[in-house]
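Everything on this sheet refers to the single structure shown next.
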Amino acid sequence: MLHLNAVLLHVLFEHAAGYALFAVREVEEISLLLPQVEESILNIGKFHSMVRLVAFSPFRSAQSALENVNAISEGILHEDLRLLLETNLPAKKKKALLGVSDAKIGAAVQEELGYQCQTGGVVAEITRGIRLHFATLVKGLTAQSASKAQLGLGHSYSRAKVKFNVNRVDNMIIQSISLLDQLDKDINTFSMRVREWYGYHFPELIKIVSDNYTYCRLAKCIGNRKELSEESLEGLEEIVMDSAKAQAILDASRSSMGMDISPIDLINIESFSSRVISLSEYRKGLQEYLRSKMGQVAPSLSALIGEVVGARLISHAGSLTNLAKYPASTVQILGAEKALFRALKTRGNTPKYGLIFHSTFIGRAATRNKGRISRYLANKCTIASRIDCFSDVPTSVFGDKLREQVEERLAFYETGEPPRKNLDVMKEAMVEATEVAAGIKKKEKKKKKREKKRLEALAAAAAAEETENSLLETTMEIEENETEPKKKKKKKHQDTSLDENGLAEEPLPKKQKKLAQEEPPQSDKKKKKKKVKEED
């Protein structure tokens, strides 16, 4: 119970829209507020009588909101929050008590501003009520806008925390290695089916060719063995890559014990063989994809134990982060869980290695040294996975150095030659890694500059096109405006006819024009009669 005389309790509430500071009515004993607050939380009228808004400082932008939320999550006092508290809290720090929902931010406020802070109890209940009635307590903020702000800030905060990088996604590695294992099983099963099916017709080919992919290609190429001749030797040599084997296939086809086969059966065998061939080729492409992906995500681990074994370790752990969290003893027996629990149950010998057995180092070690080298290799795998997981610029430098250390340890077990110290090797690796990282950063900067120039050039071209289009439009408008008055002038010019002497006739009034049009033209005889009368 906290006994304070005339203490004014303020409650800080962090919302996606901004910071809000509420004042609770003055009470001698703060703990006495708890039952009243619990009763009045659901009733807005009662809660409003206990809590009033002192100040509300909205965030200027989404970026500002994200910065403030990151500061609060890390327990740092942001400048916006400092300004709000300094301007609105009472000057006498001993008579003010600030209630906060997070103890980290409370400690930061108490350290930097000197205000006493409280969490839990009454403060937690008041914060719950404020969260429930926030839209009604703050004027001008609707529930819809508050929920939109929360949604937007939640997405941006999650993106910032996750730091999602498309090139470093280990999910693709997990899927591709599981697909690769499945393809291996399927191709093996289908190839055995092709061998059994085509073996009825040409059984000797199984002994000559052991590789499944090559056998399927030969089954498709040969077809009916009776049609093989000296001309088809070149095609067989291309597939087998050995002239002696090609000749042996030709000789075997002539004296084969196999049964005859109908064309329809042969067509089915050939189509099935082509499917198996396409699956095998797809598997090769998938392995290349896995190699490139491991080079991007976990270059040190892949340089140490190989892409396939490294991908299997990541897949078994669930992610690269999970693998990085495992101790070396867990990595050593990863994949041999059944054997481990069986050994624990029967009190037998525990397994010495799991998935890392498929690496070349354990196969090369002597029988008595297999356990020792597997323990050492698991240790180095753990270091490599942690470097890959938490480094900003992943490089294969550390993986190469760790591989050298394992090689030296193998030589030490065989010949007794002492290996280099781990500290010296890591110092060398650090120097090389910094150089490589600097080179990668330079390349990235150059790429960004090129991209920027390209975008600027595109923008300039688009702007030039727009200006050309606007100029064309203006010229077209001007030409249209000029052509209209010219047409009118031409009409007027046609109306004004010239006189015989070359002088333009004066335009007659409308009435005279009408009379002139109505009067019929006089004949030549009438004109002569008039002249005779005038002479008389």
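By convention in this document, the chains of the structure tokens carry letters A, B, ... by their order, each chain's residues are numbered from 1, and ligands are numbered from 1 in the order they are shown.
Using only C-alpha atoms, the contacts of Leu137 of chain A at a cut-off of 9 Å, with sequence neighbours closer than 2 positions omitted, comprise His48, Val51, Arg52, Leu53, Ile130, His133, Phe134, Ala135, Lys139 and Leu141 of chain A.
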Per-residue nearest contacts segment 227-332 of chain A to segment 375-388 of chain A, cut-off 8 Å, using only C-alpha atoms, as a tab-separated table:
```
residue	atom	partner	partner_atom	distance
A:Val297	CA	A:Asp388	CA	7.1
A:Ala298	CA	A:Asp388	CA	5.2
A:Pro299	CA	A:Asp388	CA	6.9
A:Ser300	CA	A:Ala384	CA	5.4
A:Leu301	CA	A:Ala384	CA	5.2
A:Leu304	CA	A:Cys381	CA	7.3
A:Ile305	CA	A:Cys381	CA	7.8
A:Leu320	CA	A:Ser385	CA	6.9
A:Thr321	CA	A:Arg386	CA	7.8
A:Leu323	CA	A:Ser385	CA	6.7
A:Ala324	CA	A:Arg386	CA	4.7
A:Lys325	CA	A:Arg386	CA	7.7
A:Tyr326	CA	A:Thr382	CA	7.3
A:Pro327	CA	A:Thr382	CA	6.9
A:Ala328	CA	A:Asn379	CA	4.9
A:Ser329	CA	A:Ala378	CA	7.2
A:Val331	CA	A:Ala378	CA	5.8
A:Gln332	CA	A:Ala378	CA	5.0
```
Residues just named, written with N, CA, C and O atoms as a PDB file, in the first residue's frame:
```pdb
ATOM      1  N   VAL A 297      21.872 -17.746 -48.111  1.00  0.00           N
ATOM      2  CA  VAL A 297      21.327 -17.802 -46.745  1.00  0.00           C
ATOM      3  C   VAL A 297      22.380 -18.233 -45.738  1.00  0.00           C
ATOM      4  O   VAL A 297      22.561 -17.590 -44.699  1.00  0.00           O
ATOM      5  N   ALA A 298      23.071 -19.340 -46.023  1.00  0.00           N
ATOM      6  CA  ALA A 298      24.051 -19.887 -45.068  1.00  0.00           C
ATOM      7  C   ALA A 298      25.358 -20.227 -45.780  1.00  0.00           C
ATOM      8  O   ALA A 298      25.692 -21.407 -45.959  1.00  0.00           O
ATOM      9  N   PRO A 299      26.123 -19.225 -46.207  1.00  0.00           N
ATOM     10  CA  PRO A 299      27.357 -19.520 -46.969  1.00  0.00           C
ATOM     11  C   PRO A 299      28.440 -20.196 -46.138  1.00  0.00           C
ATOM     12  O   PRO A 299      29.161 -21.064 -46.639  1.00  0.00           O
ATOM     13  N   SER A 300      28.563 -19.829 -44.863  1.00  0.00           N
ATOM     14  CA  SER A 300      29.601 -20.430 -44.013  1.00  0.00           C
ATOM     15  C   SER A 300      29.306 -21.901 -43.745  1.00  0.00           C
ATOM     16  O   SER A 300      30.210 -22.741 -43.800  1.00  0.00           O
ATOM     17  N   LEU A 301      28.048 -22.217 -43.448  1.00  0.00           N
ATOM     18  CA  LEU A 301      27.663 -23.599 -43.162  1.00  0.00           C
ATOM     19  C   LEU A 301      27.833 -24.479 -44.399  1.00  0.00           C
ATOM     20  O   LEU A 301      28.315 -25.612 -44.305  1.00  0.00           O
ATOM     21  N   LEU A 304      31.446 -25.191 -45.039  1.00  0.00           N
ATOM     22  CA  LEU A 304      32.015 -26.105 -44.053  1.00  0.00           C
ATOM     23  C   LEU A 304      31.646 -27.559 -44.333  1.00  0.00           C
ATOM     24  O   LEU A 304      32.527 -28.427 -44.433  1.00  0.00           O
ATOM     25  N   ILE A 305      30.364 -27.879 -44.460  1.00  0.00           N
ATOM     26  CA  ILE A 305      29.953 -29.290 -44.588  1.00  0.00           C
ATOM     27  C   ILE A 305      29.207 -29.598 -45.887  1.00  0.00           C
ATOM     28  O   ILE A 305      28.719 -30.708 -46.069  1.00  0.00           O
ATOM     29  N   LEU A 320      17.036 -21.660 -39.712  1.00  0.00           N
ATOM     30  CA  LEU A 320      18.441 -21.347 -39.430  1.00  0.00           C
ATOM     31  C   LEU A 320      18.592 -20.755 -38.031  1.00  0.00           C
ATOM     32  O   LEU A 320      19.585 -21.016 -37.339  1.00  0.00           O
ATOM     33  N   THR A 321      17.601 -19.981 -37.596  1.00  0.00           N
ATOM     34  CA  THR A 321      17.647 -19.383 -36.251  1.00  0.00           C
ATOM     35  C   THR A 321      17.587 -20.463 -35.178  1.00  0.00           C
ATOM     36  O   THR A 321      18.328 -20.403 -34.189  1.00  0.00           O
ATOM     37  N   LEU A 323      18.554 -23.575 -35.539  1.00  0.00           N
ATOM     38  CA  LEU A 323      19.831 -24.287 -35.585  1.00  0.00           C
ATOM     39  C   LEU A 323      20.920 -23.497 -34.864  1.00  0.00           C
ATOM     40  O   LEU A 323      21.768 -24.082 -34.176  1.00  0.00           O
ATOM     41  N   ALA A 324      20.885 -22.177 -35.011  1.00  0.00           N
ATOM     42  CA  ALA A 324      21.880 -21.327 -34.345  1.00  0.00           C
ATOM     43  C   ALA A 324      21.719 -21.348 -32.826  1.00  0.00           C
ATOM     44  O   ALA A 324      22.690 -21.162 -32.091  1.00  0.00           O
ATOM     45  N   LYS A 325      20.496 -21.578 -32.368  1.00  0.00           N
ATOM     46  CA  LYS A 325      20.243 -21.621 -30.913  1.00  0.00           C
ATOM     47  C   LYS A 325      20.673 -22.944 -30.274  1.00  0.00           C
ATOM     48  O   LYS A 325      20.844 -23.007 -29.068  1.00  0.00           O
ATOM     49  N   TYR A 326      20.817 -23.996 -31.109  1.00  0.00           N
ATOM     50  CA  TYR A 326      21.161 -25.310 -30.559  1.00  0.00           C
ATOM     51  C   TYR A 326      22.613 -25.335 -30.075  1.00  0.00           C
ATOM     52  O   TYR A 326      23.499 -24.752 -30.719  1.00  0.00           O
ATOM     53  N   PRO A 327      22.886 -26.066 -28.982  1.00  0.00           N
ATOM     54  CA  PRO A 327      24.291 -26.291 -28.594  1.00  0.00           C
ATOM     55  C   PRO A 327      24.940 -27.320 -29.508  1.00  0.00           C
ATOM     56  O   PRO A 327      24.263 -28.049 -30.234  1.00  0.00           O
ATOM     57  N   ALA A 328      26.265 -27.416 -29.440  1.00  0.00           N
ATOM     58  CA  ALA A 328      27.005 -28.330 -30.326  1.00  0.00           C
ATOM     59  C   ALA A 328      26.646 -29.791 -30.063  1.00  0.00           C
ATOM     60  O   ALA A 328      26.618 -30.605 -30.990  1.00  0.00           O
ATOM     61  N   SER A 329      26.339 -30.124 -28.817  1.00  0.00           N
ATOM     62  CA  SER A 329      25.987 -31.520 -28.483  1.00  0.00           C
ATOM     63  C   SER A 329      24.687 -31.935 -29.153  1.00  0.00           C
ATOM     64  O   SER A 329      24.531 -33.092 -29.558  1.00  0.00           O
ATOM     65  N   VAL A 331      23.515 -30.536 -32.054  1.00  0.00           N
ATOM     66  CA  VAL A 331      23.796 -30.584 -33.505  1.00  0.00           C
ATOM     67  C   VAL A 331      24.490 -31.898 -33.863  1.00  0.00           C
ATOM     68  O   VAL A 331      24.262 -32.460 -34.935  1.00  0.00           O
ATOM     69  N   GLN A 332      25.324 -32.390 -32.955  1.00  0.00           N
ATOM     70  CA  GLN A 332      26.077 -33.624 -33.218  1.00  0.00           C
ATOM     71  C   GLN A 332      25.151 -34.817 -33.457  1.00  0.00           C
ATOM     72  O   GLN A 332      25.398 -35.628 -34.343  1.00  0.00           O
TER      73      GLN A 332
END
```
Distance query Leu89 of chain A at most 8 Å, only C-alpha atoms, self and fewer than 4 positions along chain excluded, as a tab-separated table (two decimals) with N, CA and C atoms, in the first residue's frame:
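Result file follows (around37.tsv):
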```
chain	number	residue	atom	x	y	z
A	10	HIS	N	-1.07	10.81	-12.27
A	10	HIS	CA	-1.21	10.93	-13.73
A	10	HIS	C	-0.93	9.56	-14.35
A	85	LEU	N	5.67	15.19	-21.17
A	85	LEU	CA	5.73	15.07	-19.72
A	85	LEU	C	6.25	16.34	-19.06
A	96	ALA	N	3.92	14.61	-7.61
A	96	ALA	CA	3.37	13.98	-8.83
A	96	ALA	C	3.77	12.52	-8.89
```
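The shortest atom-to-atom distance to Gly152 of chain A, with only C-alpha atoms taken into account, belongs to A:Ala65 out of A:Ala65, A:Leu344, A:Ala108, A:Val24.
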Helix (DSSP H, G or I) residues, from DSSP on the backbone, in segment 11-115 of chain A, as a ChimeraX atom specification: /A:30-40,44-50,62-73,79-88,93-95,103-112
Segment 166-180 of chain A environment, 7 Å, only C-alpha atoms, sequence neighbours closer than 5 positions dropped, as a PyMOL selection string: chain A and resi 283+290+293+296-297+311-312+314-315+319-320
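Using only C-alpha atoms, the nearest neighbour of Ser273 of chain A within the list A:Ser191, A:Ser73, A:Ser255, A:Thr360 is A:Ser191.
The environment of segment 231-236 of chain A within 10 Å, counting only C-alpha atoms and disregarding residues fewer than 6 places along the same chain, consists of Arg217, Leu218, Cys221, Ile222, Asp242, Ser243, Lys245, Ala246, Gln247, Ile249 and Leu250 of chain A.
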For the residues in the current selection, export C-alpha atoms as an mmCIF file, in the first residue's frame.
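File out.cif, as written:
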```cif
data_model
loop_
_atom_site.group_PDB
_atom_site.id
_atom_site.type_symbol
_atom_site.label_atom_id
_atom_site.label_comp_id
_atom_site.auth_asym_id
_atom_site.auth_seq_id
_atom_site.Cartn_x
_atom_site.Cartn_y
_atom_site.Cartn_z
ATOM 1 C CA ARG A 217 18.295 -42.790 -71.909
ATOM 2 C CA LEU A 218 19.564 -45.981 -73.560
ATOM 3 C CA CYS A 221 17.372 -44.518 -77.706
ATOM 4 C CA ILE A 222 17.614 -48.258 -78.527
ATOM 5 C CA ASP A 242 32.625 -44.842 -73.748
ATOM 6 C CA SER A 243 33.224 -46.555 -77.101
ATOM 7 C CA LYS A 245 30.658 -49.958 -73.669
ATOM 8 C CA ALA A 246 28.792 -48.896 -76.812
ATOM 9 C CA GLN A 247 30.353 -51.801 -78.728
ATOM 10 C CA ILE A 249 25.838 -53.044 -76.038
ATOM 11 C CA LEU A 250 25.784 -53.622 -79.806
#
```
Applying 12 Å and only C-alpha atoms, which residues near segment 403-411 of chain A remain after dropping the ones on its own chain fewer than 3 positions away? List them as an MDAnalysis selection string. chainID A and resid 300:306 359:366 369:381 383:384 396:400 414:426 429
Take the selection from the previous step and output its residues with N, CA and C atoms, as a compact mmCIF listing (two decimals), in the first residue's frame.
```
# COMPACT_ATOMS: atom_id res chain seq x y z
N SER A 300 28.56 -19.83 -44.86
CA SER A 300 29.60 -20.43 -44.01
C SER A 300 29.31 -21.90 -43.75
N LEU A 301 28.05 -22.22 -43.45
CA LEU A 301 27.66 -23.60 -43.16
C LEU A 301 27.83 -24.48 -44.40
N SER A 302 27.45 -23.96 -45.56
CA SER A 302 27.58 -24.74 -46.81
C SER A 302 29.04 -24.91 -47.20
N ALA A 303 29.89 -23.91 -46.90
CA ALA A 303 31.33 -24.04 -47.18
C ALA A 303 31.98 -25.05 -46.25
N LEU A 304 31.45 -25.19 -45.04
CA LEU A 304 32.02 -26.11 -44.05
C LEU A 304 31.65 -27.56 -44.33
N ILE A 305 30.36 -27.88 -44.46
CA ILE A 305 29.95 -29.29 -44.59
C ILE A 305 29.21 -29.60 -45.89
N GLY A 306 29.07 -28.64 -46.77
CA GLY A 306 28.38 -28.87 -48.03
C GLY A 306 26.94 -28.40 -48.00
N SER A 359 28.70 -35.95 -44.00
CA SER A 359 29.80 -35.09 -44.45
C SER A 359 31.04 -35.95 -44.70
N THR A 360 31.96 -35.47 -45.49
CA THR A 360 33.13 -36.26 -45.91
C THR A 360 34.13 -36.47 -44.78
N PHE A 361 34.12 -35.59 -43.79
CA PHE A 361 35.14 -35.65 -42.73
C PHE A 361 35.05 -36.93 -41.91
N ILE A 362 33.83 -37.33 -41.53
CA ILE A 362 33.65 -38.50 -40.67
C ILE A 362 34.00 -39.78 -41.44
N GLY A 363 33.70 -39.79 -42.73
CA GLY A 363 34.06 -40.94 -43.56
C GLY A 363 35.56 -41.10 -43.70
N ARG A 364 36.29 -40.00 -43.73
CA ARG A 364 37.74 -40.03 -43.89
C ARG A 364 38.48 -40.38 -42.60
N ALA A 365 37.82 -40.15 -41.45
CA ALA A 365 38.48 -40.40 -40.17
C ALA A 365 38.54 -41.90 -39.87
N ALA A 366 39.52 -42.27 -39.06
CA ALA A 366 39.65 -43.67 -38.64
C ALA A 366 38.51 -44.03 -37.69
N ASN A 369 38.59 -42.58 -34.27
CA ASN A 369 38.53 -41.10 -34.22
C ASN A 369 37.20 -40.52 -34.72
N LYS A 370 36.28 -41.39 -35.12
CA LYS A 370 35.01 -40.89 -35.69
C LYS A 370 34.22 -40.07 -34.68
N GLY A 371 34.14 -40.53 -33.45
CA GLY A 371 33.41 -39.79 -32.41
C GLY A 371 34.04 -38.45 -32.10
N ARG A 372 35.37 -38.42 -32.05
CA ARG A 372 36.10 -37.18 -31.74
C ARG A 372 35.91 -36.14 -32.85
N ILE A 373 36.04 -36.60 -34.09
CA ILE A 373 35.91 -35.66 -35.22
C ILE A 373 34.47 -35.20 -35.37
N SER A 374 33.50 -36.06 -35.05
CA SER A 374 32.09 -35.64 -35.15
C SER A 374 31.77 -34.57 -34.10
N ARG A 375 32.35 -34.71 -32.90
CA ARG A 375 32.15 -33.70 -31.85
C ARG A 375 32.77 -32.36 -32.26
N TYR A 376 33.98 -32.43 -32.84
CA TYR A 376 34.67 -31.21 -33.28
C TYR A 376 33.92 -30.55 -34.43
N LEU A 377 33.43 -31.39 -35.37
CA LEU A 377 32.69 -30.87 -36.53
C LEU A 377 31.38 -30.22 -36.10
N ALA A 378 30.68 -30.83 -35.13
CA ALA A 378 29.43 -30.25 -34.62
C ALA A 378 29.69 -28.89 -33.98
N ASN A 379 30.80 -28.77 -33.30
CA ASN A 379 31.18 -27.49 -32.68
C ASN A 379 31.35 -26.40 -33.75
N LYS A 380 32.05 -26.76 -34.81
CA LYS A 380 32.30 -25.79 -35.90
C LYS A 380 31.01 -25.47 -36.66
N CYS A 381 30.12 -26.46 -36.81
CA CYS A 381 28.83 -26.22 -37.48
C CYS A 381 27.99 -25.23 -36.69
N ILE A 383 29.11 -22.83 -34.73
CA ILE A 383 29.71 -21.49 -34.92
C ILE A 383 29.31 -20.93 -36.28
N ALA A 384 29.40 -21.78 -37.32
CA ALA A 384 29.07 -21.33 -38.69
C ALA A 384 27.61 -20.92 -38.80
N SER A 396 31.31 -16.42 -47.09
CA SER A 396 31.80 -17.80 -46.88
C SER A 396 33.21 -17.84 -46.30
N VAL A 397 33.74 -16.69 -45.87
CA VAL A 397 35.12 -16.63 -45.37
C VAL A 397 35.27 -17.47 -44.11
N PHE A 398 34.34 -17.28 -43.17
CA PHE A 398 34.41 -18.02 -41.91
C PHE A 398 34.25 -19.52 -42.15
N GLY A 399 33.38 -19.90 -43.07
CA GLY A 399 33.18 -21.31 -43.40
C GLY A 399 34.44 -21.96 -43.94
N ASP A 400 35.14 -21.23 -44.82
CA ASP A 400 36.40 -21.76 -45.37
C ASP A 400 37.45 -21.95 -44.28
N GLU A 414 45.78 -38.18 -37.38
CA GLU A 414 46.50 -39.18 -38.17
C GLU A 414 48.01 -39.10 -37.99
N THR A 415 48.54 -37.86 -38.09
CA THR A 415 50.01 -37.69 -38.08
C THR A 415 50.56 -37.11 -36.78
N GLY A 416 49.70 -36.47 -36.00
CA GLY A 416 50.16 -35.85 -34.76
C GLY A 416 50.66 -34.42 -34.95
N GLU A 417 50.46 -33.86 -36.15
CA GLU A 417 50.89 -32.47 -36.41
C GLU A 417 49.94 -31.50 -35.69
N PRO A 418 50.45 -30.62 -34.83
CA PRO A 418 49.55 -29.75 -34.04
C PRO A 418 48.85 -28.70 -34.92
N PRO A 419 47.57 -28.52 -34.74
CA PRO A 419 46.84 -27.52 -35.54
C PRO A 419 47.05 -26.09 -35.03
N ARG A 420 46.65 -25.11 -35.82
CA ARG A 420 46.75 -23.70 -35.39
C ARG A 420 45.75 -23.41 -34.28
N LYS A 421 46.02 -22.35 -33.54
CA LYS A 421 45.10 -21.95 -32.47
C LYS A 421 43.86 -21.30 -33.08
N ASN A 422 42.75 -21.50 -32.40
CA ASN A 422 41.46 -20.98 -32.88
C ASN A 422 41.47 -19.45 -32.96
N LEU A 423 42.12 -18.80 -31.99
CA LEU A 423 42.17 -17.34 -31.94
C LEU A 423 42.87 -16.75 -33.16
N ASP A 424 43.99 -17.37 -33.55
CA ASP A 424 44.74 -16.88 -34.72
C ASP A 424 43.92 -17.04 -36.01
N VAL A 425 43.26 -18.18 -36.13
CA VAL A 425 42.45 -18.44 -37.33
C VAL A 425 41.30 -17.44 -37.42
N MET A 426 40.64 -17.17 -36.29
CA MET A 426 39.50 -16.25 -36.28
C MET A 426 39.93 -14.80 -36.57
N ALA A 429 40.32 -14.63 -40.23
CA ALA A 429 38.98 -14.65 -40.85
C ALA A 429 38.30 -13.29 -40.72
```
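Atom CA of Gly258 of chain A to atom CA of Phe272 of chain A spans 19.8 Å [interatomic distance, one decimal].
Proximity ranking of A:Cys216, A:Ala146, A:Val100, A:Leu151 relative to Ala124 of chain A places A:Val100 first, based on only C-alpha atoms.
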Could you write out, as a ChimeraX atom specification, all the residues of segment 36-159 of chain A that DSSP marks as strand (DSSP E)? /A:51-58,96-99,116-118
